[in-house]
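Colleague: Handing you a structure now.
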Amino acid sequence: MTVAAIYLVIAFGLGGLAMVVRLPPLVGFLAAGFVINALDVGEVPQLELMADLGVTLLLFAIGLKLDVRILLRREVWLTTSAHMVVSVAVGTGVLWLAAVAGMSMLSGQSATTIALLAFAMSFSSTVFVVKVLEERGESHALYGRVAIGVLVMQDIIAVVFLTVTSGKLPSIWALGLVLLWPLTRVLRRIWSGLGHGEMQSLFGIVMALVPGYVLFSSLGLKGDLGALVIGILLASHPASSELSRSLFHIKELLLVGFFVSIGLSGLPDLPSIGIALLMVLLLPIKSALYLGLFTMMKLRYRTSVLAGLSLMNYSEFGLIVVSVGVASDLLAPAWLVEMSIAVALSFVVSALVNGRGHLMVEKIAARLPAQDETELHPEERPGDASDAEVVVIGMGRVGFAAYERLTDHYRLRVVGVDYDGPRIERLADRGYRVIEGDATDLDFWHRLRHSESVRIAVLAMPRHGANVTALACLRESGFSGTVAAVARYDDEVQWSKEHGVDIAFNVYAGAGLELADQVGNTASGHAGGTLEPEAHEPRRPEIEP
């Protein structure tokens, strides 16, 4: 228990320090692993279990939100395949040149060994990328969906690699996994009767671990891939997003163990640091390859840059590839420590770059040659606000309620903006005026046609960070009208007011006010009159039509 307490204190302290210097806490957790290793505190056997559970729940949550059709899109499967081939070729060439130049750990290595290392470097980290996307609230943005699709394709390639190198085919009983489809139809009915409390969360954990991880592992397949598959099969349930949210904090806490465990793989020496730095220098090339391929797939520069930067890291799967190489006597055991350092450094570099914000990406995209809008991907073409007076950004539960209130009660002309394609289709089919686009994209506002009539913008996205970015893009695009924003916490409300938001509203306070109004109306009906608030009590601010 004492050793575990030391782990917790170091992880918490360095995670907090990372936040102070405006880095994601996971950078601090990575550093905590190396510090704990250097101090030789001792082992916590449960840490590996904690890390495995975190990754399993993460992949299950990805499956709950993944539209499997994204994998069939050219910008996903073709980009993944082409990038892996090119990056392995480039990585092999660079490492071979380093070997010729006399880098000690690479000198004398065979071409097969160097190619295996380059293959390990071609993967990006599913855990890291999804965590960054979730922190930004942009896993449903086009670039987020494409990046996740690439990661899932890489996971599939990983399973094929492990199967081939293990020399063992999956069990013949693995063919029976096709029965999971009818089974999940039954499981969805059970799910519907569990309500919204702890039973639903427990249901998600059981699904991820039992028909997911345990079943797939027993059949000779990758266990966390099983969690992903089960998540995909259950994704059509109406409560899938709610379940994903309910597992969020459990998953985040368990993933602390994953990031700490990377630093526990070993301590670096001078030669290994040199090789790790060489690998880190290859990251911009990796990102640039993604940028070029995504652009060839008719995505805008801005989307391509964001996706490429998010994938600019090495994967924990690289450690598995290297361990396979060690077991096959193709690599020395020291390479496992080497790859651990490279993965950790890539996370730090990627966190720094991705933390710079969208406006930096806009500046990069603005320096690239103009693109023909008519040839772009359908989701990348300009939207049209028509004669709208109000734009509601984020058409989730809060945004949808605001849209209906503003149109039905105040008779305002409203248009909604969201980047969730299926949601846009559902709303459009029901007659709502909605535009598919990313409001955190400055170019989206520059390309929005007939936006001169818009005088009110409502920021209703669930993540404060996304609303902050959208506000910056609004101001940068020249919008001078009224801005209203929702927030979940009082400090977010205060921040919004200090940064020029005209109406900042706590969604929980708003729910309480609405509940009080409903009670007041009911009470006035029983009393045979109308209840008015006391003179000294302020009424809710309303937007006049």
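Ligands are numbered from 1 in the order shown, chains are lettered A, B, ... in the order of the structure tokens, and residues start at 1 in each chain.
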From the DSSP assignment of the backbone, select every residue of range 100-325 of chain A that is alpha helix (DSSP H), and format the answer as JSON, numbers by chain.
Modeller: {"A": [100, 111, 112, 113, 114, 115, 116, 117, 118, 119, 120, 121, 126, 127, 128, 129, 130, 131, 132, 133, 134, 135, 136, 142, 143, 144, 145, 146, 147, 148, 149, 150, 151, 152, 153, 154, 155, 156, 157, 158, 159, 160, 161, 162, 163, 164, 165, 166, 180, 181, 182, 183, 184, 185, 186, 187, 188, 189, 190, 191, 192, 198, 199, 200, 201, 202, 203, 204, 205, 206, 207, 215, 216, 217, 218, 223, 224, 225, 226, 227, 228, 229, 230, 231, 232, 233, 234, 240, 241, 242, 243, 244, 245, 246, 247, 248, 249, 250, 251, 252, 253, 254, 255, 256, 257, 258, 259, 260, 261, 262, 263, 270, 271, 272, 273, 274, 275, 276, 277, 278, 279, 280, 281, 283, 284, 285, 286, 287, 288, 289, 290, 291, 292, 293, 294, 295, 296, 301, 302, 303, 304, 305, 306, 307, 308, 309, 310, 316, 317, 318, 319, 320, 321, 322, 323, 324, 325]}
Colleague: Can you tell me, as a PyMOL selection string, what residues are no more than 7 Å from range 66-83 of chain A when counting only C-alpha atoms, ignoring any on the same chain fewer than 2 positions away?
Modeller: chain A and resi 62-64+85-87+146+149-150+153+232+289-290+293-294+297
Colleague: Considering only C-alpha atoms, return as a ChimeraX atom specification whatever protein or nucleic-acid residues lie within 8 Å of range 302-314 of chain A, sequence-local ones (same chain, fewer than 2 positions apart) excluded.
Modeller: /A:121-125,129,132,142-144,146-147,283-284,286-292,294-295,299-300,316,318,342-343,346-347,349-350,353-354,361-362,365,441
Colleague: Got a sec: who's within 12 Å of range 176-187 of chain A, counting only C-alpha atoms, leaving out chain neighbours fewer than 6 positions off, as a VMD selection string?
Modeller: chain A and resid 170 193 to 194 200 203 to 204 206 to 207 211 to 212 215 to 216 218 to 219 221 226 229 to 237
Colleague: Find the residues around Leu117 in chain A up to 9 Å (only C-alpha atoms counted), leave out those fewer than 2 positions away in its own chain, and share them as number ranges by chain.
Modeller: A: 88, 91-92, 95, 112-115, 119-122, 318, 321-322, 325, 331, 339
